[in-house]
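Trainee: Dropping the structure in here first, questions after.
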Number of protein chains: 4
Amino acid sequence: VGMSDDSEGEFPPLSDLERSVADRLPPRIWSYIAGGAGEERTVEANRSAFRRWALKPRVWANVTTVDLGTRLLGAPVEAPFFIAPTAYHGEIHPDAEPGVARAAAAAGVVAAFSTLSSASLETIAAASGGGVRWFQLYLQPRFSVTRSLVERAEHAGYAAIVITADVPVLAVRDRQARGGFAIDGSVPVGNGADVMPPPRASEREGSRYRLRAPAETDWDILDRLSGVTRLPFVVKGVLSAEDERLAVEHAAAGVIVSNHGGRQLDGARASLDALPEVVAAVGERAEVYLDGGVRRGIDVLISLALGARAVGLGRPVLWALAHGGAPSVARYLAALGAELASAMELAGRRSIAEIDRALVVPVPDQGPASP
Amino acid sequence: VGMSDDSEGEFPPLSDLERSVADRLPPRIWSYIAGGAGEERTVEANRSAFRRWALKPRVWANVTTVDLGTRLLGAPVEAPFFIAPTAYHGEIHPDAEPGVARAAAAAGVVAAFSTLSSASLETIAAASGGGVRWFQLYLQPRFSVTRSLVERAEHAGYAAIVITADVPVLAVRDRQARGGFAIDGSVPVGNGADVMPPPRASEREGSRYRLRAPAETDWDILDRLSGVTRLPFVVKGVLSAEDERLAVEHAAAGVIVSNHGGRQLDGARASLDALPEVVAAVGERAEVYLDGGVRRGIDVLISLALGARAVGLGRPVLWALAHGGAPSVARYLAALGAELASAMELAGRRSIAEIDRALVVPVPDQGPASP
Amino acid sequence: VGMSDDSEGEFPPLSDLERSVADRLPPRIWSYIAGGAGEERTVEANRSAFRRWALKPRVWANVTTVDLGTRLLGAPVEAPFFIAPTAYHGEIHPDAEPGVARAAAAAGVVAAFSTLSSASLETIAAASGGGVRWFQLYLQPRFSVTRSLVERAEHAGYAAIVITADVPVLAVRDRQARGGFAIDGSVPVGNGADVMPPPRASEREGSRYRLRAPAETDWDILDRLSGVTRLPFVVKGVLSAEDERLAVEHAAAGVIVSNHGGRQLDGARASLDALPEVVAAVGERAEVYLDGGVRRGIDVLISLALGARAVGLGRPVLWALAHGGAPSVARYLAALGAELASAMELAGRRSIAEIDRALVVPVPDQGPASP
Amino acid sequence: VGMSDDSEGEFPPLSDLERSVADRLPPRIWSYIAGGAGEERTVEANRSAFRRWALKPRVWANVTTVDLGTRLLGAPVEAPFFIAPTAYHGEIHPDAEPGVARAAAAAGVVAAFSTLSSASLETIAAASGGGVRWFQLYLQPRFSVTRSLVERAEHAGYAAIVITADVPVLAVRDRQARGGFAIDGSVPVGNGADVMPPPRASEREGSRYRLRAPAETDWDILDRLSGVTRLPFVVKGVLSAEDERLAVEHAAAGVIVSNHGGRQLDGARASLDALPEVVAAVGERAEVYLDGGVRRGIDVLISLALGARAVGLGRPVLWALAHGGAPSVARYLAALGAELASAMELAGRRSIAEIDRALVVPVPDQGPASP
């Protein structure tokens with residue numbers, strides 16, 4: 001894999017990627033990609049949290065080569081970032097998940113694919129070649145369907161099961177409502193007709209709201225699933241040390257500190273704000289990842305300095321997919337890797353292991369806003 | 001009462017409700033609804049205070065049903081929010097207070113109605129059916145008028161008297177002045193010709209400003225009124241622990257931490273900022289409510305996590321009333337309940353009692369503002 | 001003097017006063033009124049400092065009459081605010097300083113007039129009638145001129161000499177430069193041909209910059225002037241406890257915490273931020289006033305709660321003068337007094353003496369900026 | 001050298017200088033001048049850091065003359081600011097570096113010139129006359145080229161070697177990419193065909209990124225170069241006390257606290273935020289300078305109050321050069337000196353030695369943003 005060179009093609013500077021697709025996509029699709037829950041307080045919080053940390057680089061630290069390689073759940077990967085699972089790639093570009101899988105495999109990074117992928121998990125696996133894939137699981141109302149998905153994923157060579165914990169019900173997403181995008185049976189998915197999106201709402205009876213068609217809702221699901229598969233589990237959607245500890249007790253191999261990209265509980269704390277507490281709670285007993293607001297190489301660097309082992313990429317991958325299909329996803333991954341490598345060179349860190357807490361300092365409290 | 005479904009009608013996403021009516025209403029009426037005192041520092045402060053708290057949810061907490069039910073002054077209600085008293089509904093929509101009363105009763109929530117209601121309190125009571133109603137009292141220059149209002153409210157089945165403490169005189173409201181809306185005898189009210197709005201200004205004599213036609217101005221009014229009615233009293237407009245203690249000493253059953261939606265003392269602290277101090281002062285001796293800036297389900301959640309027993313809804317109810325009369329008020333209440341239920345599901349809280357202080361964390365101080 | 005009623009005339013809500021004149025005035029004159037030094041960091045700081053304090057009102061505090069009366073340097077006045085000295089009123093409106101003097105006298109407040117007034121100090125005195133006037137002194141290159149001004153002021157019945165300490169040289173004011181307004185001999189003044197504005201710049205010689213035509217530059221000037229007049233001195237332009245102590249040692253009767261409205265040292269701290277430190281330093285040994293950023297009644301309230309005895313009004317008086325001459329100045333003063341009275345009624349303070357530190361609380365640190 | 005007078009010519013107020021050239025220059029050139037790395041977080045941080053400090057002036061401090069003179073590396077200079085090294089002046093204006101050198105020499109300030117100057121260092125030296133010049137060194141892939149540059153600089157009378165430590169590789173600069181400006185061999189430089197800009201990117205091989213044509217990358221380079229020249233060394237690009245200590249151990253005479261004007265590691269802390277820590281670490285063992293965000297006289301004052309001995313001027317010099325060549329650079333330097341002199345007069349500091357830590361106070365934490 002050669003390094004992407006910004007001068008070679010049409011791929012925009014990363015600052016411009018979102019804008020480059022926002023106006024070009026049908027509003028319905030854009031509302032799906034961009035939309036967060038409610039007023040999007042958490043969408044914004046995820047981004048502004050990164051602005052509260054500044055980098056304190058070291059110079060002349062004997063950096064001639066930097067190595068982005070690390071291991072995720074034991075598998076060697078070429079960068080400490082991965083494709084976070086997002087649904088419905090086929091709505092965005094015909095390359096869909098197979099294209100994303102090819103780009104990720106070529107880049108040597110982990111890709112996680114959603115229960116609600118447009119292509120089937122087997123098709124994705126075939127496209128992925130030797131790439132490391134994780135399967136994101138939405139627990140299903142019927143355990144038999146859940147079990148089948150897990151078994152298929154194991155059979156198709158996925159390396160881990162990422163169980164989403166923060167969607168017992170879909171949140172109200174104002175922007176999607178405005179844009180006319182509904183996550184329901186009307187959007188085709190590739191994993192079979194019996195696979196359901198999470199419930200959209202609850203049934204009200206007086207003061208009580210009952211989940212329609214709920215799936216399992218407590219931590220025992222991890223124990224139950226450990227009887228189904230030998231794959232390791234990663235719990236996605238944890239924002240507290242308390243839940244982190246429960247994940248470890250239930251034998252999770254990893255957790256993703258995440259608020260679902262601000263698409264679920266609006267007002268939830270920023271992922272980055274929760275990270276130090278979760279890292280401190282888990283110690284070395286599980287791997288801690290983060291998603292939410294990661295856009296640039298320096299976001300990766302900040303996250304790792306605060307204790308994440310790797311970070312997930314959500315919206316930017318969808319922007320790139322919308323921009324130009326699999327080749328643009330490859331360009332994005334290459335640009336991000338190059339940015340991270342550059343940032344490490346400039347910060348005086350030669351390897352992932354050298355990215356330590358001393359690299360970041362809090363930005364002092366703000367004076368009056370600039371005019 | 002069935003649950004509102006966003007896809008069923010014309011009701012906008014809650015983020016869009018205000019905008020949907022702002023441009024459509026006559027400027028004079030909009031200035032009444034939107035206008036705060038002075039420069040509207042407190043209007044803004046009420047909103048920004050909610051942005052200083054983030055939610056720290058728990059996952060897989062065994063939530064399949066959430067119950068929004070609670071008791072306000074002993075009465076069971078279906079949600080921990082209520083219609084805050086606001087004046088002149090008839091200026092906004094012909095459904096006026098009777099329509100609001102019907103919507104609230106159908107939703108199972110308390111509605112408080114203003115001394116300055118467009119309909120008479122008896123008409124409202126008749127429309128309300130079995131709904132729990134509170135009567136908001138502006139103390140009148142003549143005690144006989146005050147007494148008559150209280151007696152009528154008790155006779156008409158109101159469950160409590162909400163005495164407004166923060167309007168000894170109406171504040172200067174720049175936006176209303178600009179829009180040409182004056183709170184004076186020119187706006188018709190339903191409770192009788194002898195019912196007066198609070199005085200608009202004071203009479204100046206050199207350095208002294210004397211209230212014109214003042215009502216009672218000290219805490220003894222509570223003792224005096226307790227001889228008139230057996231109804232419990234709720235004091236509205238308290239922003240300090242000191243006044244909270246006085247309320248309890250004078251046998252108030254509850255207080256509403258409020259700055260009159262930013263319409264009275266501009267520059268007054270945000271209601272939410274005052275809440276923890278008031279809650280700490282009162283303990284279990286009275287019920288503490290809050291109004292000011294509550295718009296979304298998560299605002300309710302934050303308020304309850306910080307100790308409020310319930311929250312009042314002011315402007316959003318007027319927006320809904322302006323949007324489409326009583327049906328839109330019903331839609332707003334349903335949407336708010338659904339949002340709160342959803343937020344509880346996502347936060348891992350099954351009941352109002354489970355909403356505890358651990359649910360919220362302060363947002364870290366801000367780095368540089370986003371561009 | 002009757003109370004101004006907003007409904008009686010054309011005077012705009014106070015929020016709109018600045019805008020109402022900004023577009024109507026010749027750009028050169030507007031640049032004079034609005035312009036601060038450099039990038040106007042301090043102009044903005046003066047305003048934003050007030051936003052860091054919120055009011056914590058008390059209710060039912062037995063307020064039926066509020067009294068704004070206080071004493072400044074022993075003289076009874078009808079409000080704890082005064083007209084701060086500003087130059088060149090005649091450039092703004094033909095009513096000029098005599099009109100301002102009439103309005104202030106009618107309002108019962110102190111008015112301070114500038115060495116650089118368009119009218120002579122004697123003409124102003126004649127217009128003022130029984131109003132309390134202070135004379136603002138720019139120290140002159142020749143002491144004989146300084147002495148003459150002081151003697152004339154005493155003879156004309158001015159009650160105090162306000163000596164400006166923060167203009168050894170005029171600062172660069174970018175907005176005035178842009179607008180073409182220069183403070184130099186080209187603008188006519190009323191106090192005589194030998195009266196000089198402060199020097200505009202220094203003379204450079206290599207690394208040294210020498211003041212052209214400097215006046216006295218140390219605290220001994222107070223001792224020297226005390227031999228010229230029996231009038232009390234107020235030192236204007238102090239932003240530190242250290243200088244406050246020097247003022248007291250040199251027998252000043254008062255100080256004005258001020259940064260010249262942001263027109264001199266750009267980047268200087270906000271007047272309000274300096275106030276508590278200065279008040280703590282001086283105790284009861286001198287009267288402490290503040291100017292800079294005061295616009296509304298609640299700004300007066302906040303300043304007094306933090307220890308100021310009275311506040312000076314700069315730009316708003318010029319806005320009002322530009323709006324409609326002396327009658328508009330009268331309207332502004334009446335509106336401000338009414339706002340302050342209203343704020344005291346709403347805050348539960350019956351007199352200036354009851355405005356205490358407990359009335360204000362710091363606004364909690366900001367969460368993410370509102371969108 | 002006479003003092004520049006704003007009324008004499010076309011030179012704009014300093015607030016307007018950037019704007020005055022931004023729209024007039026070809027977008028490619030503007031992208032070079034303005035562009036920072038990545039999203040320009042650090043560009044903005046450099047500026048907003050100054051807003052967190054306010055000045056606390058003293059009055060009547062017996063200031064009739066202020067002296068801006070100081071010594072940098074032993075050489076007397078007329079002001080505590082210098083021209084920071086920037087590349088490619090010839091792309092901006094035909095006066096290029098020789099014009100800048102003339103202006104600096106006339107102003108009596110140090111000018112540092114880049115390895116990547118459009119004119120040769122000898123040509124610049126000839127234009128400079130008796131002005132104090134520093135030579136900025138980009139370490140070259142071949143040590144023989146590095147040595148030759150240093151020897152030429154010493155021979156041409158440069159007074160110090162400023163070694164840039166923060167560009168082992170050029171960062172991705174989104175704005176320059178957008179504008180079509182590439183720092184590579186295509187831009188002509190004056191110091192010879194064998195002089196190379198820093199490498200643009202690394203070569204990727206799997207997870208490893210290897211610098212193409214790297215120069216020396218550790219602190220031993222200082223020791224090696226001390227065998228080549230007797231000139232003192234200044235290390236540019238330090239943001240930590242740790243690196244400052246290493247600089248002193250390797251016999252550097254000075255350091256420039258700098259993040260390359262936000263052009264290298266995006267997200268790096270503001271220079272001003274790093275300054276106090278660096279100053280505390282180095283004590284009197286080396287001179288500490290700062291660049292990044294300095295625009296106005298008060299920025300110089302704040303930097304010196306926080307411990308800098310002098311500050312470097314980057315973009316403003318390029319703006320001035322673009323505005324009108326050498327004469328505009330002279331005007332800018334004169335205006336900046338006059339502003340600093342004025343600020344010292346107003347702050348009560350007669351000499352550089354009197355600019356102490358007591359002159360600055362932190363701006364209190366921000367309340368709600370102004371509307």
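All residue names refer to the structure tokens as shown: chains lettered A, B, ... in order, residues numbered from 1 in each chain, ligands numbered from 1 in order.
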Extract, using only C-alpha atoms, all DNA, RNA and protein residues at most 9 Å from C:Tyr138, discarding same-chain residues fewer than 2 positions from it, and format them as JSON, numbers by chain.

Mentor: {"C": [114, 115, 116, 136, 140, 146, 162, 163, 164, 165, 167, 196, 197, 198, 215]}

Trainee: Got time to write the residues from that selection, N, CA and C atoms, as an mmCIF file, in the first residue's frame?

Mentor:
```
data_model
loop_
_atom_site.group_PDB
_atom_site.id
_atom_site.type_symbol
_atom_site.label_atom_id
_atom_site.label_comp_id
_atom_site.auth_asym_id
_atom_site.auth_seq_id
_atom_site.Cartn_x
_atom_site.Cartn_y
_atom_site.Cartn_z
ATOM 1 N N SER C 114 -16.020 67.689 31.380
ATOM 2 C CA SER C 114 -14.641 67.505 30.957
ATOM 3 C C SER C 114 -13.912 68.827 30.775
ATOM 4 N N THR C 115 -12.649 68.822 31.032
ATOM 5 C CA THR C 115 -11.774 69.917 30.623
ATOM 6 C C THR C 115 -11.997 70.261 29.155
ATOM 7 N N LEU C 116 -12.294 69.227 28.375
ATOM 8 C CA LEU C 116 -12.476 69.408 26.937
ATOM 9 C C LEU C 116 -13.947 69.565 26.557
ATOM 10 N N GLN C 136 -13.929 67.743 35.678
ATOM 11 C CA GLN C 136 -12.869 66.784 35.330
ATOM 12 C C GLN C 136 -11.658 67.545 34.826
ATOM 13 N N GLN C 140 -2.495 69.968 32.753
ATOM 14 C CA GLN C 140 -2.014 70.717 31.598
ATOM 15 C C GLN C 140 -0.483 70.808 31.627
ATOM 16 N N THR C 146 -3.394 74.668 34.569
ATOM 17 C CA THR C 146 -4.070 73.737 35.468
ATOM 18 C C THR C 146 -4.695 74.499 36.637
ATOM 19 N N VAL C 162 -12.305 66.105 39.575
ATOM 20 C CA VAL C 162 -12.022 64.720 39.167
ATOM 21 C C VAL C 162 -10.750 64.761 38.323
ATOM 22 N N ILE C 163 -9.657 64.274 38.874
ATOM 23 C CA ILE C 163 -8.389 64.329 38.140
ATOM 24 C C ILE C 163 -8.172 63.023 37.403
ATOM 25 N N THR C 164 -8.041 63.131 36.106
ATOM 26 C CA THR C 164 -7.842 61.935 35.299
ATOM 27 C C THR C 164 -6.392 61.502 35.373
ATOM 28 N N ALA C 165 -6.189 60.268 35.762
ATOM 29 C CA ALA C 165 -4.833 59.772 35.975
ATOM 30 C C ALA C 165 -4.367 58.839 34.872
ATOM 31 N N VAL C 167 -4.402 59.231 31.467
ATOM 32 C CA VAL C 167 -4.122 59.758 30.129
ATOM 33 C C VAL C 167 -2.847 60.610 30.112
ATOM 34 N N MET C 196 -5.262 72.448 26.641
ATOM 35 C CA MET C 196 -4.743 71.463 25.694
ATOM 36 C C MET C 196 -5.335 70.082 25.959
ATOM 37 N N PRO C 197 -5.615 69.365 24.890
ATOM 38 C CA PRO C 197 -5.918 67.943 25.101
ATOM 39 C C PRO C 197 -4.631 67.225 25.503
ATOM 40 N N PRO C 198 -4.745 66.057 26.049
ATOM 41 C CA PRO C 198 -3.529 65.296 26.374
ATOM 42 C C PRO C 198 -2.714 65.078 25.115
ATOM 43 N N ALA C 215 2.401 66.668 31.293
ATOM 44 C CA ALA C 215 1.964 67.324 32.520
ATOM 45 C C ALA C 215 2.647 66.606 33.688
#
```

Trainee: Please return, as a PyMOL selection string, all residues of chain D lying within 8 Å of chain C when only C-alpha atoms are considered.

Mentor: chain D and resi 1-3+6+12-15+53-69+77-79+108+298+338-339+341-343+345-347+361+363-370

Trainee: Considering only C-alpha atoms, return as a list in words whatever protein or nucleic-acid residues lie within 8 Å of C:Leu340, sequence-local ones (same chain, fewer than 6 positions apart) excluded.

Mentor: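 Surrounding residues, per the criterion: Arg296, Gly297, Ile298, Val300 and Leu301 of chain C.
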
Trainee: I need the chosen residues saved as a PDB file, in the first residue's frame, with N, CA and C atoms.

Mentor:
```
ATOM      1  N   ARG C 296     -27.389  49.412  32.143  1.00  0.00           N
ATOM      2  CA  ARG C 296     -28.750  49.150  32.619  1.00  0.00           C
ATOM      3  C   ARG C 296     -28.832  49.250  34.126  1.00  0.00           C
ATOM      4  N   GLY C 297     -30.051  49.305  34.613  1.00  0.00           N
ATOM      5  CA  GLY C 297     -30.244  49.365  36.053  1.00  0.00           C
ATOM      6  C   GLY C 297     -29.554  48.224  36.788  1.00  0.00           C
ATOM      7  N   ILE C 298     -29.590  47.032  36.202  1.00  0.00           N
ATOM      8  CA  ILE C 298     -28.962  45.918  36.908  1.00  0.00           C
ATOM      9  C   ILE C 298     -27.446  46.027  36.918  1.00  0.00           C
ATOM     10  N   VAL C 300     -25.938  48.834  37.501  1.00  0.00           N
ATOM     11  CA  VAL C 300     -25.750  49.657  38.698  1.00  0.00           C
ATOM     12  C   VAL C 300     -25.852  48.774  39.944  1.00  0.00           C
ATOM     13  N   LEU C 301     -26.848  47.918  39.945  1.00  0.00           N
ATOM     14  CA  LEU C 301     -27.080  47.056  41.109  1.00  0.00           C
ATOM     15  C   LEU C 301     -25.885  46.143  41.368  1.00  0.00           C
TER      16      LEU C 301
END
```

Trainee: Near A:Val317, counting only C-alpha atoms, which residues have an atom at most 9 Å away, once you skip same-chain residues fewer than 2 positions from it, shown as an NGL selection string?

Mentor: :A and (83-84 or 100 or 313-315 or 319-322 or 328-329 or 332-333)

Trainee: Can you pull out every residue from stretch 137-217 of chain A that DSSP, working from the backbone, puts in alpha helix (DSSP H), and format the result as a PyMOL selection string?

Mentor: chain A and resi 143-155+174-179

Trainee: Excluding same-chain residues fewer than 3 positions from stretch 151-161 of chain C, what lies within 8 Å of it counting only C-alpha atoms, as a PDB file with C-alpha atoms, in the first residue's frame?

Mentor:
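Now in out17.pdb:
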```
ATOM      1  CA  LEU C 121     -17.365  75.442  32.530  1.00  0.00           C
ATOM      2  CA  GLU C 122     -19.020  78.708  33.507  1.00  0.00           C
ATOM      3  CA  ALA C 125     -22.588  75.969  35.594  1.00  0.00           C
ATOM      4  CA  VAL C 132     -24.257  69.128  41.704  1.00  0.00           C
ATOM      5  CA  ARG C 133     -21.372  69.372  39.258  1.00  0.00           C
ATOM      6  CA  TRP C 134     -17.861  67.942  39.282  1.00  0.00           C
ATOM      7  CA  PHE C 135     -15.061  69.276  37.131  1.00  0.00           C
ATOM      8  CA  GLN C 136     -12.869  66.784  35.330  1.00  0.00           C
ATOM      9  CA  LEU C 137      -9.304  67.941  35.056  1.00  0.00           C
ATOM     10  CA  ARG C 147      -4.361  76.084  38.414  1.00  0.00           C
ATOM     11  CA  SER C 148      -6.538  78.453  36.494  1.00  0.00           C
ATOM     12  CA  VAL C 228      -4.820  75.675  45.105  1.00  0.00           C
ATOM     13  CA  THR C 229      -8.321  74.673  46.103  1.00  0.00           C
ATOM     14  CA  LEU C 231     -12.420  71.254  46.727  1.00  0.00           C
ATOM     15  CA  PRO C 232     -12.125  67.534  47.304  1.00  0.00           C
ATOM     16  CA  PHE C 233     -10.278  65.426  44.740  1.00  0.00           C
ATOM     17  CA  VAL C 234     -11.473  62.301  43.008  1.00  0.00           C
TER      18      VAL C 234
END
```

Trainee: As a tab-separated table (two decimals) with N, CA and C atoms, in the first residue's frame, please: every residue in stretch 202-370 of chain B that a backbone DSSP assignment puts in strand (DSSP E or B).

Mentor:
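The result, stored in out.tsv:
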```
chain	number	residue	atom	x	y	z
B	202	SER	N	-43.68	52.31	39.26
B	202	SER	CA	-43.77	52.98	40.54
B	202	SER	C	-43.92	54.47	40.29
B	203	GLU	N	-44.32	55.14	41.32
B	203	GLU	CA	-44.47	56.58	41.24
B	203	GLU	C	-43.20	57.18	41.85
B	204	ARG	N	-42.59	58.06	41.10
B	204	ARG	CA	-41.35	58.63	41.59
B	204	ARG	C	-41.58	59.96	42.29
B	205	GLU	N	-40.88	60.12	43.39
B	205	GLU	CA	-40.87	61.40	44.07
B	205	GLU	C	-39.44	61.61	44.53
B	208	ARG	N	-37.30	58.63	45.73
B	208	ARG	CA	-38.14	57.55	46.20
B	208	ARG	C	-39.11	57.09	45.11
B	209	TYR	N	-39.25	55.79	45.01
B	209	TYR	CA	-40.20	55.20	44.08
B	209	TYR	C	-41.20	54.40	44.90
B	210	ARG	N	-42.46	54.75	44.76
B	210	ARG	CA	-43.50	54.13	45.57
B	210	ARG	C	-44.35	53.25	44.67
B	211	LEU	N	-44.54	52.00	45.07
B	211	LEU	CA	-45.39	51.11	44.30
B	211	LEU	C	-46.81	51.68	44.24
B	218	ASP	N	-45.07	40.89	52.26
B	218	ASP	CA	-44.22	40.08	53.13
B	218	ASP	C	-44.81	38.70	53.34
B	233	PHE	N	-50.38	25.66	49.73
B	233	PHE	CA	-49.75	26.76	49.00
B	233	PHE	C	-48.42	26.33	48.39
B	234	VAL	N	-48.20	26.83	47.18
B	234	VAL	CA	-46.91	26.68	46.52
B	234	VAL	C	-46.40	28.09	46.23
B	235	VAL	N	-45.22	28.40	46.69
B	235	VAL	CA	-44.66	29.73	46.46
B	235	VAL	C	-43.81	29.69	45.21
B	236	LYS	N	-44.13	30.56	44.27
B	236	LYS	CA	-43.45	30.57	42.97
B	236	LYS	C	-42.54	31.79	42.87
B	237	GLY	N	-41.27	31.52	42.53
B	237	GLY	CA	-40.37	32.65	42.30
B	237	GLY	C	-39.24	32.75	43.29
B	238	VAL	N	-38.88	31.64	43.89
B	238	VAL	CA	-37.83	31.63	44.91
B	238	VAL	C	-36.49	31.25	44.25
B	254	GLY	N	-45.00	23.68	48.99
B	254	GLY	CA	-44.04	23.54	47.91
B	254	GLY	C	-43.51	24.90	47.47
B	255	VAL	N	-42.42	24.86	46.71
B	255	VAL	CA	-41.90	26.08	46.10
B	255	VAL	C	-41.52	25.79	44.66
B	256	ILE	N	-41.65	26.80	43.85
B	256	ILE	CA	-41.16	26.70	42.48
B	256	ILE	C	-39.94	27.59	42.35
B	257	VAL	N	-38.79	26.96	42.16
B	257	VAL	CA	-37.56	27.71	41.88
B	257	VAL	C	-37.73	28.30	40.49
B	268	ALA	N	-31.17	37.96	36.97
B	268	ALA	CA	-31.33	36.97	38.04
B	268	ALA	C	-30.68	35.67	37.61
B	287	GLU	N	-42.09	20.32	48.81
B	287	GLU	CA	-41.73	19.85	47.48
B	287	GLU	C	-41.08	20.99	46.71
B	288	VAL	N	-40.02	20.68	45.99
B	288	VAL	CA	-39.31	21.70	45.22
B	288	VAL	C	-39.52	21.44	43.73
B	289	TYR	N	-40.07	22.42	43.06
B	289	TYR	CA	-40.22	22.35	41.62
B	289	TYR	C	-39.30	23.38	40.97
B	290	LEU	N	-39.22	23.32	39.67
B	290	LEU	CA	-38.39	24.29	38.93
B	290	LEU	C	-39.10	24.66	37.65
B	291	ASP	N	-39.02	25.92	37.27
B	291	ASP	CA	-39.34	26.26	35.88
B	291	ASP	C	-38.30	27.23	35.37
B	310	ALA	N	-40.54	18.04	40.24
B	310	ALA	CA	-41.22	18.17	38.94
B	310	ALA	C	-40.81	19.51	38.35
B	311	VAL	N	-41.09	19.67	37.07
B	311	VAL	CA	-40.73	20.93	36.40
B	311	VAL	C	-41.94	21.51	35.69
B	312	GLY	N	-41.94	22.85	35.63
B	312	GLY	CA	-43.03	23.55	34.95
B	312	GLY	C	-42.65	23.93	33.53
B	313	LEU	N	-43.65	23.93	32.68
B	313	LEU	CA	-43.44	24.23	31.26
B	313	LEU	C	-44.13	25.54	30.93
B	351	SER	N	-37.69	4.37	36.95
B	351	SER	CA	-38.74	5.12	37.62
B	351	SER	C	-38.19	6.48	38.06
B	360	VAL	N	-25.93	12.89	36.62
B	360	VAL	CA	-25.39	14.07	35.96
B	360	VAL	C	-23.97	14.38	36.41
B	361	VAL	N	-23.20	14.89	35.48
B	361	VAL	CA	-21.83	15.35	35.78
B	361	VAL	C	-21.68	16.74	35.16
B	362	PRO	N	-20.89	17.60	35.81
B	362	PRO	CA	-20.68	18.91	35.20
B	362	PRO	C	-19.89	18.78	33.91
```

Trainee: When you draw a straight line from atom CA of D:Glu97 to atom CA of D:Ala119, how long is it in Å?

Mentor: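 According to the coordinates, atom CA of D:Glu97 and atom CA of D:Ala119 are separated by 6.3 Å.
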
Trainee: Please indicate the distance in Å from atom CA of A:Ala326 to atom CA of A:Arg309, rounded to one decimal place.

Mentor: 25.9 Å

Trainee: Quote the spacing between atom CA of A:Ser117 and atom CA of A:Pro327 in Å to one decimal place.

Mentor: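 Result for atom CA of A:Ser117 versus atom CA of A:Pro327: 19.2 Å, one decimal.
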
Trainee: Name the closest residue to D:Pro94 among the candidates D:Arg357, D:Arg331, D:His323, D:Arg263; distances are taken between atoms, counting only C-alpha atoms.

Mentor: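 Ranking D:Arg357, D:Arg331, D:His323, D:Arg263 by distance to D:Pro94, first place goes to D:His323.
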
Trainee: Excluding B:Ala127 and its own-chain neighbours fewer than 6 positions away, which residues fall within 8 Å of it when counting only C-alpha atoms? Please give them as a ChimeraX atom specification.

Mentor: /B:98-99,101-102

Trainee: Let's have the selection written as a PDB file, in the first residue's frame, with C-alpha atoms.

Mentor:
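Okay, again10.pdb is ready:
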```pdb
ATOM      1  CA  PRO B  98     -59.861  25.436  28.367  1.00  0.00           C
ATOM      2  CA  GLY B  99     -58.010  23.781  25.511  1.00  0.00           C
ATOM      3  CA  ALA B 101     -56.760  22.206  30.441  1.00  0.00           C
ATOM      4  CA  ARG B 102     -58.207  19.451  28.275  1.00  0.00           C
TER       5      ARG B 102
END
```
